[in-house]
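**Q** PDB, C-alpha atoms, saved as final-v2.pdb, coming up:
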ATOM      1  CA  MET Z 177     -41.447  10.496  -2.546
ATOM      2  CA  ALA Z 178     -40.063  11.362   0.891
ATOM      3  CA  LYS Z 179     -37.325   9.054   2.187
ATOM      4  CA  GLU Z 180     -37.823   6.883   5.269
ATOM      5  CA  PRO Z 181     -36.002   8.353   8.303
ATOM      6  CA  VAL Z 182     -32.620   6.860   9.211
ATOM      7  CA  ARG Z 183     -32.109   6.155  12.925
ATOM      8  CA  VAL Z 184     -28.746   7.493  14.092
ATOM      9  CA  LEU Z 185     -27.352   6.664  17.540
ATOM     10  CA  VAL Z 186     -24.889   9.025  19.244
ATOM     11  CA  THR Z 187     -23.444   7.747  22.543
ATOM     12  CA  GLY Z 188     -21.973  10.263  24.989
ATOM     13  CA  ALA Z 189     -24.448  12.675  23.427
ATOM     14  CA  ALA Z 190     -24.443  15.195  26.294
ATOM     15  CA  GLY Z 191     -20.651  15.583  26.047
ATOM     16  CA  GLN Z 192     -18.725  18.139  24.031
ATOM     17  CA  ILE Z 193     -18.415  16.167  20.791
ATOM     18  CA  GLY Z 194     -22.016  14.960  21.045
ATOM     19  CA  TYR Z 195     -23.266  18.520  21.552
ATOM     20  CA  ALA Z 196     -21.399  19.641  18.403
ATOM     21  CA  LEU Z 197     -22.404  16.540  16.419
ATOM     22  CA  VAL Z 198     -26.173  16.190  16.911
ATOM     23  CA  PRO Z 199     -27.120  19.508  15.229
ATOM     24  CA  MET Z 200     -24.893  18.637  12.244
ATOM     25  CA  ILE Z 201     -26.736  15.327  11.833
ATOM     26  CA  ALA Z 202     -30.143  17.016  12.288
ATOM     27  CA  ARG Z 203     -29.237  19.622   9.652
ATOM     28  CA  GLY Z 204     -28.357  17.018   7.020
ATOM     29  CA  VAL Z 205     -24.576  17.524   7.072
ATOM     30  CA  MET Z 206     -23.998  13.774   7.575
ATOM     31  CA  LEU Z 207     -26.578  12.075   5.357
ATOM     32  CA  GLY Z 208     -27.600  14.774   2.898
ATOM     33  CA  PRO Z 209     -30.170  17.584   2.669
ATOM     34  CA  ASP Z 210     -33.083  15.295   1.758
ATOM     35  CA  GLN Z 211     -32.563  12.485   4.301
ATOM     36  CA  PRO Z 212     -34.837  12.621   7.388
ATOM     37  CA  VAL Z 213     -33.309  11.329  10.631
ATOM     38  CA  ILE Z 214     -34.428  10.130  14.037
ATOM     39  CA  LEU Z 215     -31.722  10.801  16.634
ATOM     40  CA  HIS Z 216     -31.064   8.294  19.417
ATOM     41  CA  MET Z 217     -28.954   9.909  22.144
ATOM     42  CA  LEU Z 218     -27.394   7.857  24.953
ATOM     43  CA  ASP Z 219     -25.468   9.007  27.989
ATOM     44  CA  ILE Z 220     -24.725   7.831  31.521
ATOM     45  CA  PRO Z 221     -27.259   8.440  34.348
ATOM     46  CA  PRO Z 222     -25.283  11.345  35.922
ATOM     47  CA  ALA Z 223     -25.618  13.195  32.580
ATOM     48  CA  ALA Z 224     -29.384  12.552  32.212
ATOM     49  CA  GLU Z 225     -30.411  16.137  33.000
ATOM     50  CA  SER Z 226     -27.844  17.587  30.616
ATOM     51  CA  LEU Z 227     -28.972  15.108  27.934
ATOM     52  CA  ASN Z 228     -32.551  16.282  28.363
ATOM     53  CA  GLY Z 229     -31.299  19.852  27.857
ATOM     54  CA  VAL Z 230     -29.733  18.821  24.531
ATOM     55  CA  LYS Z 231     -33.053  17.247  23.527
ATOM     56  CA  MET Z 232     -34.877  20.492  24.374
ATOM     57  CA  GLU Z 233     -32.434  22.461  22.224
ATOM     58  CA  LEU Z 234     -32.940  20.080  19.288
ATOM     59  CA  VAL Z 235     -36.708  20.616  19.570
ATOM     60  CA  ASP Z 236     -36.180  24.394  19.809
ATOM     61  CA  ALA Z 237     -33.957  24.424  16.693
ATOM     62  CA  ALA Z 238     -36.910  23.128  14.607
ATOM     63  CA  PHE Z 239     -34.740  21.174  12.164
ATOM     64  CA  PRO Z 240     -37.002  20.158   9.237
ATOM     65  CA  LEU Z 241     -35.151  16.832   8.734
ATOM     66  CA  LEU Z 242     -35.383  15.778  12.392
ATOM     67  CA  LYS Z 243     -38.347  13.422  12.704
ATOM     68  CA  GLY Z 244     -37.849  12.305  16.297
ATOM     69  CA  VAL Z 245     -35.479  12.283  19.279
ATOM     70  CA  VAL Z 246     -34.864   9.459  21.744
ATOM     71  CA  ALA Z 247     -32.825  10.723  24.740
ATOM     72  CA  THR Z 248     -32.078   7.951  27.209
ATOM     73  CA  THR Z 249     -29.654   6.429  29.714
ATOM     74  CA  ASP Z 250     -30.887   2.927  28.796
ATOM     75  CA  VAL Z 251     -28.533   1.206  26.353
ATOM     76  CA  VAL Z 252     -31.207  -1.140  24.954
ATOM     77  CA  GLU Z 253     -33.646   1.699  24.229
ATOM     78  CA  ALA Z 254     -30.818   3.677  22.633
ATOM     79  CA  CYS Z 255     -29.697   0.840  20.326
ATOM     80  CA  THR Z 256     -33.120  -0.397  19.212
ATOM     81  CA  GLY Z 257     -33.564  -0.196  15.449
ATOM     82  CA  VAL Z 258     -30.561   2.057  14.783
ATOM     83  CA  ASN Z 259     -29.094   2.088  11.254
ATOM     84  CA  ILE Z 260     -25.950   4.080  12.124
ATOM     85  CA  ALA Z 261     -24.178   4.101  15.495
ATOM     86  CA  ILE Z 262     -21.609   6.764  16.370
ATOM     87  CA  MET Z 263     -19.833   5.710  19.540
ATOM     88  CA  VAL Z 264     -18.549   8.919  21.110
ATOM     89  CA  GLY Z 265     -18.922   7.868  24.753
ATOM     90  CA  GLY Z 266     -15.943   6.298  26.483
ATOM     91  CA  PHE Z 267     -13.841   6.526  29.609
ATOM     92  CA  PRO Z 268     -11.154   9.228  29.233
ATOM     93  CA  ARG Z 269      -7.670   8.748  30.617
ATOM     94  CA  LYS Z 270      -7.235  10.764  33.793
ATOM     95  CA  GLU Z 271      -4.058  11.998  35.410
ATOM     96  CA  GLY Z 272      -2.102   9.228  37.081
ATOM     97  CA  MET Z 273      -4.034   6.446  35.331
ATOM     98  CA  GLU Z 274      -2.222   3.546  33.729
ATOM     99  CA  ARG Z 275      -3.120   2.583  30.159
ATOM    100  CA  LYS Z 276      -4.358  -0.781  31.406
ATOM    101  CA  ASP Z 277      -6.861   0.939  33.754
ATOM    102  CA  VAL Z 278      -8.274   3.039  30.914
ATOM    103  CA  MET Z 279      -8.392   0.004  28.643
ATOM    104  CA  SER Z 280     -10.202  -2.071  31.235
ATOM    105  CA  LYS Z 281     -12.874   0.657  31.751
ATOM    106  CA  ASN Z 282     -13.413   0.991  27.998
ATOM    107  CA  VAL Z 283     -13.518  -2.762  27.460
ATOM    108  CA  SER Z 284     -16.457  -3.029  29.873
ATOM    109  CA  ILE Z 285     -18.276  -0.046  28.266
ATOM    110  CA  TYR Z 286     -17.816  -1.365  24.724
ATOM    111  CA  LYS Z 287     -18.698  -4.909  25.722
ATOM    112  CA  SER Z 288     -22.124  -3.819  27.025
ATOM    113  CA  GLN Z 289     -22.832  -1.443  24.128
ATOM    114  CA  ALA Z 290     -21.761  -4.088  21.588
ATOM    115  CA  SER Z 291     -24.138  -6.621  23.138
ATOM    116  CA  ALA Z 292     -27.037  -4.135  22.910
ATOM    117  CA  LEU Z 293     -26.237  -3.342  19.259
ATOM    118  CA  GLU Z 294     -25.917  -7.047  18.519
ATOM    119  CA  LYS Z 295     -29.400  -7.776  19.864
ATOM    120  CA  HIS Z 296     -31.332  -4.602  18.985
ATOM    121  CA  ALA Z 297     -29.770  -2.608  16.103
ATOM    122  CA  ALA Z 298     -31.031  -2.793  12.504
ATOM    123  CA  ALA Z 299     -29.620  -5.691  10.474
ATOM    124  CA  ASN Z 300     -26.999  -3.790   8.453
ATOM    125  CA  CYS Z 301     -26.080  -1.210  11.105
ATOM    126  CA  LYS Z 302     -22.929   0.812  10.343
ATOM    127  CA  VAL Z 303     -20.760   1.615  13.375
ATOM    128  CA  LEU Z 304     -18.194   4.391  13.818
ATOM    129  CA  VAL Z 305     -16.124   4.397  17.024
ATOM    130  CA  VAL Z 306     -14.824   7.832  18.044
ATOM    131  CA  ALA Z 307     -13.907   7.342  21.727
ATOM    132  CA  ASN Z 308     -10.245   6.579  22.424
ATOM    133  CA  PRO Z 309      -8.484   4.221  22.140
ATOM    134  CA  ALA Z 310     -10.709   4.224  19.034
ATOM    135  CA  ASN Z 311      -9.103   1.401  17.029
ATOM    136  CA  THR Z 312      -9.062  -1.005  19.963
ATOM    137  CA  ASN Z 313     -12.515   0.005  21.231
ATOM    138  CA  ALA Z 314     -13.790  -0.847  17.720
ATOM    139  CA  LEU Z 315     -12.058  -4.239  17.924
ATOM    140  CA  ILE Z 316     -13.741  -5.001  21.270
ATOM    141  CA  LEU Z 317     -17.090  -3.935  19.843
ATOM    142  CA  LYS Z 318     -16.550  -6.296  16.897
ATOM    143  CA  GLU Z 319     -15.758  -9.132  19.313
ATOM    144  CA  PHE Z 320     -19.064  -8.740  21.187
ATOM    145  CA  ALA Z 321     -21.295  -7.973  18.204
ATOM    146  CA  PRO Z 322     -20.456 -10.971  15.997
ATOM    147  CA  SER Z 323     -23.550 -10.670  13.800
ATOM    148  CA  ILE Z 324     -22.630  -7.123  12.707
ATOM    149  CA  PRO Z 325     -20.433  -7.661   9.609
ATOM    150  CA  GLU Z 326     -16.787  -6.787  10.345
ATOM    151  CA  LYS Z 327     -16.828  -4.404   7.351
ATOM    152  CA  ASN Z 328     -19.525  -2.403   9.185
ATOM    153  CA  ILE Z 329     -17.316  -1.627  12.207
ATOM    154  CA  THR Z 330     -14.920   1.275  11.718
ATOM    155  CA  CYS Z 331     -13.068   3.875  13.778
ATOM    156  CA  LEU Z 332     -12.413   7.557  13.228
ATOM    157  CA  THR Z 333      -9.121   8.633  11.681
ATOM    158  CA  ARG Z 334     -10.829  11.189   9.427
ATOM    159  CA  LEU Z 335     -10.007  13.859  12.013
ATOM    160  CA  ASP Z 336      -6.284  13.143  11.513
ATOM    161  CA  HIS Z 337      -6.836  13.011   7.733
ATOM    162  CA  ASN Z 338      -8.519  16.434   7.816
ATOM    163  CA  ARG Z 339      -5.749  17.800  10.038
ATOM    164  CA  ALA Z 340      -3.172  16.648   7.462
ATOM    165  CA  LEU Z 341      -5.136  18.325   4.640
ATOM    166  CA  GLY Z 342      -5.289  21.502   6.744
ATOM    167  CA  GLN Z 343      -1.533  21.552   7.376
ATOM    168  CA  ILE Z 344      -0.743  21.152   3.669
ATOM    169  CA  SER Z 345      -3.270  23.818   2.647
ATOM    170  CA  GLU Z 346      -1.765  26.289   5.159
ATOM    171  CA  ARG Z 347       1.804  25.490   4.127
ATOM    172  CA  LEU Z 348       1.068  26.005   0.418
ATOM    173  CA  ASN Z 349      -1.506  28.763   0.933
ATOM    174  CA  VAL Z 350      -4.106  26.889  -1.158
ATOM    175  CA  GLN Z 351      -7.765  26.016  -0.556
ATOM    176  CA  VAL Z 352      -8.089  22.856   1.547
ATOM    177  CA  SER Z 353     -10.624  21.562  -1.010
ATOM    178  CA  ASP Z 354      -7.826  21.564  -3.628
ATOM    179  CA  VAL Z 355      -5.686  19.101  -1.607
ATOM    180  CA  LYS Z 356      -6.504  15.394  -1.795
ATOM    181  CA  ASN Z 357      -5.289  11.862  -1.139
ATOM    182  CA  VAL Z 358      -3.257  12.316   2.010
ATOM    183  CA  ILE Z 359      -3.272   9.066   4.024
ATOM    184  CA  ILE Z 360      -3.391   8.327   7.733
ATOM    185  CA  TRP Z 361      -1.937   4.873   8.359
ATOM    186  CA  GLY Z 362      -2.445   2.916  11.555
ATOM    187  CA  ASN Z 363      -3.571   3.926  15.009
ATOM    188  CA  HIS Z 364      -5.462   7.056  16.073
ATOM    189  CA  SER Z 365      -2.593   7.857  18.436
ATOM    190  CA  SER Z 366       0.782   9.558  18.332
ATOM    191  CA  THR Z 367       2.218   6.630  16.304
ATOM    192  CA  GLN Z 368      -0.133   7.250  13.344
ATOM    193  CA  TYR Z 369       1.639   7.981  10.077
ATOM    194  CA  PRO Z 370       0.363  10.964   8.049
ATOM    195  CA  ASP Z 371       1.633  10.224   4.529
ATOM    196  CA  VAL Z 372       1.667  12.723   1.620
ATOM    197  CA  ASN Z 373       3.648  10.600  -0.844
ATOM    198  CA  HIS Z 374       0.558  10.108  -3.035
ATOM    199  CA  ALA Z 375      -1.230  13.399  -2.272
ATOM    200  CA  THR Z 376      -1.877  16.050  -4.908
ATOM    201  CA  VAL Z 377      -2.979  19.686  -5.153
ATOM    202  CA  LYS Z 378      -5.215  21.120  -7.857
ATOM    203  CA  THR Z 379      -3.373  24.041  -9.495
ATOM    204  CA  GLN Z 380      -4.056  26.141 -12.586
ATOM    205  CA  GLY Z 381      -1.621  23.888 -14.416
ATOM    206  CA  GLY Z 382      -3.413  20.680 -13.352
ATOM    207  CA  GLU Z 383      -2.858  18.344 -10.386
ATOM    208  CA  LYS Z 384       0.651  18.466  -8.926
ATOM    209  CA  PRO Z 385       2.201  16.217  -6.237
ATOM    210  CA  VAL Z 386       2.280  17.734  -2.731
ATOM    211  CA  LYS Z 387       5.938  16.623  -2.382
ATOM    212  CA  GLU Z 388       6.923  18.613  -5.484
ATOM    213  CA  LEU Z 389       5.043  21.754  -4.388
ATOM    214  CA  VAL Z 390       6.236  21.695  -0.752
ATOM    215  CA  SER Z 391       9.747  20.780  -1.896
ATOM    216  CA  ASP Z 392      10.996  20.360   1.677
ATOM    217  CA  ASP Z 393      11.522  16.729   2.653
ATOM    218  CA  GLU Z 394      12.789  17.669   6.076
ATOM    219  CA  TRP Z 395       9.481  19.412   6.910
ATOM    220  CA  LEU Z 396       7.362  16.623   5.377
ATOM    221  CA  LYS Z 397       9.214  13.896   7.310
ATOM    222  CA  GLY Z 398       9.505  15.902  10.502
ATOM    223  CA  GLU Z 399       7.382  18.837  11.615
ATOM    224  CA  PHE Z 400       4.401  17.991   9.381
ATOM    225  CA  ILE Z 401       4.110  14.465  10.830
ATOM    226  CA  THR Z 402       4.559  15.519  14.463
ATOM    227  CA  THR Z 403       2.113  18.431  14.085
ATOM    228  CA  VAL Z 404      -0.623  16.076  12.859
ATOM    229  CA  GLN Z 405       0.255  13.431  15.466
ATOM    230  CA  GLN Z 406       0.241  15.944  18.345
ATOM    231  CA  ARG Z 407      -2.581  18.224  17.167
ATOM    232  CA  GLY Z 408      -5.077  16.886  19.714
ATOM    233  CA  ALA Z 409      -2.680  17.638  22.584
ATOM    234  CA  ALA Z 410      -2.003  21.136  21.163
ATOM    235  CA  ILE Z 411      -5.755  21.866  21.120
ATOM    236  CA  ILE Z 412      -6.170  20.657  24.717
ATOM    237  CA  LYS Z 413      -3.319  22.970  25.707
ATOM    238  CA  ALA Z 414      -4.931  25.934  23.903
ATOM    239  CA  ARG Z 415      -8.620  25.350  24.757
ATOM    240  CA  LYS Z 416      -8.160  23.475  28.051
ATOM    241  CA  LEU Z 417     -10.653  21.056  26.442
ATOM    242  CA  SER Z 418     -10.259  18.360  23.801
ATOM    243  CA  SER Z 419     -11.202  18.716  20.124
ATOM    244  CA  ALA Z 420     -14.991  18.735  19.789
ATOM    245  CA  LEU Z 421     -16.063  20.766  16.765
ATOM    246  CA  SER Z 422     -13.402  19.238  14.476
ATOM    247  CA  ALA Z 423     -14.078  15.710  15.776
ATOM    248  CA  ALA Z 424     -17.829  16.100  15.176
ATOM    249  CA  SER Z 425     -17.209  17.460  11.686
ATOM    250  CA  ALA Z 426     -14.848  14.553  10.896
ATOM    251  CA  ALA Z 427     -17.433  12.008  12.122
ATOM    252  CA  CYS Z 428     -19.948  13.559   9.691
ATOM    253  CA  ASP Z 429     -17.383  13.399   6.863
ATOM    254  CA  HIS Z 430     -16.602   9.734   7.646
ATOM    255  CA  ILE Z 431     -20.246   8.595   7.600
ATOM    256  CA  ARG Z 432     -21.226  10.829   4.647
ATOM    257  CA  ASP Z 433     -18.476   9.425   2.418
ATOM    258  CA  TRP Z 434     -19.144   5.851   3.592
ATOM    259  CA  VAL Z 435     -22.891   6.099   2.881
ATOM    260  CA  LEU Z 436     -22.946   8.468  -0.103
ATOM    261  CA  GLY Z 437     -19.564   7.601  -1.683
ATOM    262  CA  THR Z 438     -16.206   9.293  -2.253
ATOM    263  CA  PRO Z 439     -15.672  11.498  -5.329
ATOM    264  CA  ALA Z 440     -13.978   9.715  -8.265
ATOM    265  CA  GLY Z 441     -10.190   9.768  -7.928
ATOM    266  CA  THR Z 442     -10.305  10.690  -4.238
ATOM    267  CA  TRP Z 443      -9.657   8.517  -1.234
ATOM    268  CA  VAL Z 444     -10.101   9.108   2.485
ATOM    269  CA  SER Z 445      -8.695   7.525   5.651
ATOM    270  CA  MET Z 446     -10.802   5.130   7.724
ATOM    271  CA  GLY Z 447      -9.919   2.749  10.540
ATOM    272  CA  VAL Z 448     -11.112  -0.619   9.175
ATOM    273  CA  TYR Z 449     -10.572  -4.313   9.822
ATOM    274  CA  SER Z 450      -7.264  -5.328   8.235
ATOM    275  CA  ASP Z 451      -7.330  -8.031   5.560
ATOM    276  CA  GLY Z 452      -3.517  -8.126   5.404
ATOM    277  CA  SER Z 453      -3.198  -5.334   2.800
ATOM    278  CA  TYR Z 454       0.196  -3.572   2.867
ATOM    279  CA  ASN Z 455       1.490  -6.355   5.172
ATOM    280  CA  VAL Z 456      -0.585  -5.053   8.080
ATOM    281  CA  PRO Z 457      -1.433  -7.955  10.431
ATOM    282  CA  VAL Z 458      -4.931  -9.368   9.907
ATOM    283  CA  GLY Z 459      -7.188  -8.848  12.916
ATOM    284  CA  LEU Z 460      -6.309  -5.228  13.730
ATOM    285  CA  ILE Z 461      -8.538  -2.215  13.135
ATOM    286  CA  TYR Z 462      -6.021  -0.097  11.229
ATOM    287  CA  SER Z 463      -6.344   3.145   9.259
ATOM    288  CA  PHE Z 464      -5.985   2.710   5.493
ATOM    289  CA  PRO Z 465      -6.736   4.832   2.433
ATOM    290  CA  VAL Z 466     -10.189   3.770   1.201
ATOM    291  CA  THR Z 467     -12.711   4.627  -1.494
ATOM    292  CA  CYS Z 468     -16.434   4.216  -0.850
ATOM    293  CA  CYS Z 469     -19.263   3.298  -3.199
ATOM    294  CA  ASN Z 470     -22.824   2.047  -2.547
ATOM    295  CA  GLY Z 471     -22.277   2.051   1.213
ATOM    296  CA  GLU Z 472     -19.152  -0.144   1.048
ATOM    297  CA  TRP Z 473     -15.517   0.815   1.593
ATOM    298  CA  THR Z 474     -12.577  -0.676  -0.330
ATOM    299  CA  ILE Z 475      -8.906  -0.358   0.611
ATOM    300  CA  VAL Z 476      -6.900   1.437  -2.118
ATOM    301  CA  GLN Z 477      -4.397  -1.102  -3.441
ATOM    302  CA  GLY Z 478      -1.051  -0.951  -5.217
ATOM    303  CA  LEU Z 479       0.438   2.179  -3.654
ATOM    304  CA  GLN Z 480       4.247   2.248  -3.516
ATOM    305  CA  ILE Z 481       5.546   2.198   0.053
ATOM    306  CA  ASP Z 482       9.092   3.502   0.484
ATOM    307  CA  GLU Z 483      11.458   2.395   3.241
ATOM    308  CA  PHE Z 484      10.697   5.393   5.514
ATOM    309  CA  SER Z 485       6.946   4.731   5.196
ATOM    310  CA  ARG Z 486       7.368   0.986   5.767
ATOM    311  CA  ARG Z 487       9.024   1.616   9.139
ATOM    312  CA  LYS Z 488       6.192   3.991  10.116
ATOM    313  CA  LEU Z 489       3.476   1.517   9.042
ATOM    314  CA  ASP Z 490       5.133  -1.268  11.034
ATOM    315  CA  ALA Z 491       5.632   0.868  14.165
ATOM    316  CA  THR Z 492       1.965   1.868  14.406
ATOM    317  CA  ALA Z 493       0.897  -1.763  13.701
ATOM    318  CA  ALA Z 494       3.157  -2.921  16.555
ATOM    319  CA  GLU Z 495       1.470  -0.447  18.924
ATOM    320  CA  LEU Z 496      -1.967  -1.686  17.836
ATOM    321  CA  SER Z 497      -0.945  -5.312  18.413
ATOM    322  CA  GLU Z 498       0.186  -4.350  21.939
ATOM    323  CA  GLU Z 499      -3.102  -2.524  22.593
ATOM    324  CA  LYS Z 500      -5.042  -5.522  21.334
ATOM    325  CA  ALA Z 501      -3.158  -7.858  23.701
ATOM    326  CA  LEU Z 502      -3.779  -5.444  26.600
ATOM    327  CA  ALA Z 503      -7.502  -5.206  25.781
ATOM    328  CA  TYR Z 504      -7.895  -8.965  25.500
ATOM    329  CA  SER Z 505      -6.093  -9.429  28.834
ATOM    330  CA  CYS Z 506      -8.810  -7.198  30.384
ATOM    331  CA  LEU Z 507     -11.453  -9.621  29.076
ATOM    332  CA  SER Z 508     -10.198 -12.545  31.120
TER     333      SER Z 508
END
Render the structure in this file as structure tokens.
**A**
Amino acid sequence: MAKEPVRVLVTGAAGQIGYALVPMIARGVMLGPDQPVILHMLDIPPAAESLNGVKMELVDAAFPLLKGVVATTDVVEACTGVNIAIMVGGFPRKEGMERKDVMSKNVSIYKSQASALEKHAAANCKVLVVANPANTNALILKEFAPSIPEKNITCLTRLDHNRALGQISERLNVQVSDVKNVIIWGNHSSTQYPDVNHATVKTQGGEKPVKELVSDDEWLKGEFITTVQQRGAAIIKARKLSSALSAASAACDHIRDWVLGTPAGTWVSMGVYSDGSYNVPVGLIYSFPVTCCNGEWTIVQGLQIDEFSRRKLDATAAELSEEKALAYSCLS
């Protein structure tokens, strides 16, 4: 029997990430090859014409799984009945802008979108925030959508996770699919901590630790971390535009694993509401290693944290606490 369509909202859908993301969703990359979808696309009024162009292209692509398209500048229409919300739209930092100005713009955007989701989304709607500052935008959304369970509000650090996998696979000249269990701790910012202490690589002789195979602590604690932290800036420098294709692909990975589950023995990185695990302050949206099963994520417990890692975990938590205070000051 054919499955009921899932309604998926993409905000900022006429933008670069949205343009890369909507065909992936329509093709089944996010929810599987047998799951029909109805796409809800939201953008701001100045982008209405461009948004309509994206809708025309979706119609022209004749995706068999795509059972309907809602393209709108009305936040209520966009949020009505959605099962999954991918929040790509946000206010980007422009030259000369203070962090507080950017935060204040995003607080007002996320406040209004959260209220619309709160009133009009499906009961168990899953939310993924992509727009930066992603962790803190997700926290604001949680604040103004109190009936959406806190476990259903997440932010994207899968892009950083995938970047870390890519760096290890290039360094060791192995398939990226053979590398697993890297971790991104903390904020989706330059304080995030890409951690390979528990990561492994599938070799002909079985799974081997990344640390043993790389055998270069200086690189792992230095260049590897800064490359992952600064990758977004490096792409802007090269393309003159921010990451779009890789961000869209990571958003699909995040939702797919959350909904369909992670393979046994594998974990992924997701920005989730902290319960105090690993001494991370409760009340932050912080990136942890998680496993997913039956549409629920669970933080991986019991990993050894060395002194170097502890300092990194604490530094990114401190930045998130600062961001939270800044965001809440914009609410008053």
**Q** Please, which residues are within 12 Å of (-11.3, 2.3, 19.2) by the file's coordinates, counting all atoms listed in the file, and could they come as number ranges by chain?
**A** Z: 262-267, 279, 282-283, 285-286, 303-318, 329-333, 362-365, 446-449, 460-463, 496, 499-500, 503
**Q** Grab the atom CA of Leu335 of chain Z to atom CA of Ala426 of chain Z distance for me, in Å with one decimal place.
**A**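 Answer for the atom CA of Leu335 of chain Z to atom CA of Ala426 of chain Z separation: 5.0 Å.
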**Q** Just say which residues the PyMOL selection byres ((chain Z and resi 202) around 9) picks in this file, as a ChimeraX atom specification.
**A** /Z:197-201,203-206,212-215,234,239-243
**Q** Taking all atoms listed in the file into account, which of Z:Arg347, Z:Ala189, Z:Asn259, Z:Lys276 comes nearest Leu507 of chain Z?
**A**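 For Leu507 of chain Z, the nearest of the given residues is Z:Lys276.
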**Q** As a PDB file with C-alpha atoms, keeping the file's coordinate frame, please: the residues near segment 390-400 of chain Z (cut-off 12 Å, all atoms listed in the file, same-chain neighbours under 2 positions excluded).
**A**
ATOM      1  CA  ASP Z 336      -6.284  13.143  11.513  1.00  0.00           C
ATOM      2  CA  ARG Z 339      -5.749  17.800  10.038  1.00  0.00           C
ATOM      3  CA  ALA Z 340      -3.172  16.648   7.462  1.00  0.00           C
ATOM      4  CA  LEU Z 341      -5.136  18.325   4.640  1.00  0.00           C
ATOM      5  CA  GLY Z 342      -5.289  21.502   6.744  1.00  0.00           C
ATOM      6  CA  GLN Z 343      -1.533  21.552   7.376  1.00  0.00           C
ATOM      7  CA  ILE Z 344      -0.743  21.152   3.669  1.00  0.00           C
ATOM      8  CA  SER Z 345      -3.270  23.818   2.647  1.00  0.00           C
ATOM      9  CA  GLU Z 346      -1.765  26.289   5.159  1.00  0.00           C
ATOM     10  CA  ARG Z 347       1.804  25.490   4.127  1.00  0.00           C
ATOM     11  CA  LEU Z 348       1.068  26.005   0.418  1.00  0.00           C
ATOM     12  CA  ASN Z 349      -1.506  28.763   0.933  1.00  0.00           C
ATOM     13  CA  VAL Z 350      -4.106  26.889  -1.158  1.00  0.00           C
ATOM     14  CA  VAL Z 358      -3.257  12.316   2.010  1.00  0.00           C
ATOM     15  CA  TYR Z 369       1.639   7.981  10.077  1.00  0.00           C
ATOM     16  CA  PRO Z 370       0.363  10.964   8.049  1.00  0.00           C
ATOM     17  CA  ASP Z 371       1.633  10.224   4.529  1.00  0.00           C
ATOM     18  CA  VAL Z 372       1.667  12.723   1.620  1.00  0.00           C
ATOM     19  CA  ASN Z 373       3.648  10.600  -0.844  1.00  0.00           C
ATOM     20  CA  ALA Z 375      -1.230  13.399  -2.272  1.00  0.00           C
ATOM     21  CA  THR Z 376      -1.877  16.050  -4.908  1.00  0.00           C
ATOM     22  CA  VAL Z 377      -2.979  19.686  -5.153  1.00  0.00           C
ATOM     23  CA  LYS Z 384       0.651  18.466  -8.926  1.00  0.00           C
ATOM     24  CA  PRO Z 385       2.201  16.217  -6.237  1.00  0.00           C
ATOM     25  CA  VAL Z 386       2.280  17.734  -2.731  1.00  0.00           C
ATOM     26  CA  LYS Z 387       5.938  16.623  -2.382  1.00  0.00           C
ATOM     27  CA  GLU Z 388       6.923  18.613  -5.484  1.00  0.00           C
ATOM     28  CA  THR Z 402       4.559  15.519  14.463  1.00  0.00           C
ATOM     29  CA  THR Z 403       2.113  18.431  14.085  1.00  0.00           C
ATOM     30  CA  VAL Z 404      -0.623  16.076  12.859  1.00  0.00           C
ATOM     31  CA  GLN Z 405       0.255  13.431  15.466  1.00  0.00           C
ATOM     32  CA  GLN Z 406       0.241  15.944  18.345  1.00  0.00           C
ATOM     33  CA  ARG Z 407      -2.581  18.224  17.167  1.00  0.00           C
ATOM     34  CA  PHE Z 484      10.697   5.393   5.514  1.00  0.00           C
ATOM     35  CA  SER Z 485       6.946   4.731   5.196  1.00  0.00           C
ATOM     36  CA  LYS Z 488       6.192   3.991  10.116  1.00  0.00           C
TER      37      LYS Z 488
END
**Q** If we draw a sphere of 12 Å around (-26.1, 7.8, 35.8), which residues have at least one atom in it when counting all atoms listed in the file? Please report them as number ranges by chain.
**A** Z: 188, 218-227, 248-251
**Q** How about saving the chosen residues, C-alpha atoms kept, as a compact mmCIF listing (two decimals), in the frame of the given file?
**A**
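What ended up in result22.txt:
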# COMPACT_ATOMS: atom_id res chain seq x y z
CA GLY Z 188 -21.97 10.26 24.99
CA LEU Z 218 -27.39 7.86 24.95
CA ASP Z 219 -25.47 9.01 27.99
CA ILE Z 220 -24.72 7.83 31.52
CA PRO Z 221 -27.26 8.44 34.35
CA PRO Z 222 -25.28 11.34 35.92
CA ALA Z 223 -25.62 13.20 32.58
CA ALA Z 224 -29.38 12.55 32.21
CA GLU Z 225 -30.41 16.14 33.00
CA SER Z 226 -27.84 17.59 30.62
CA LEU Z 227 -28.97 15.11 27.93
CA THR Z 248 -32.08 7.95 27.21
CA THR Z 249 -29.65 6.43 29.71
CA ASP Z 250 -30.89 2.93 28.80
CA VAL Z 251 -28.53 1.21 26.35
**Q** Restricting the calculation to all atoms listed in the file, which member of Z:Glu495, Z:Glu233, Z:Asp429, Z:Asp277 is positioned closest to Ser366 of chain Z?
**A** Z:Glu495
**Q** Which is closer to Ser508 of chain Z than all the others in Z:Thr492, Z:Ile481, Z:Gly244, Z:Ser280, using all atoms listed in the file?
**A** Z:Ser280
**Q** Which distance in Å separates atom CA of His337 of chain Z and atom CA of Val444 of chain Z, to one decimal?
**A**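 Separation of atom CA of His337 of chain Z and atom CA of Val444 of chain Z: 7.3 Å.
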**Q** Identify which of the residues Z:Met273, Z:Val352, Z:Leu502, Z:Ile324 lies closest to Ala298 of chain Z, counting only C-alpha atoms when measuring atom-to-atom distances.
**A**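 So, comparing all the options, the nearest one is Z:Ile324.
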**Q** So how many Å separate atom CA of Ala493 of chain Z and atom CA of Lys327 of chain Z, to one decimal?
**A**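 We find that atom CA of Ala493 of chain Z and atom CA of Lys327 of chain Z lie 19.0 Å from each other.
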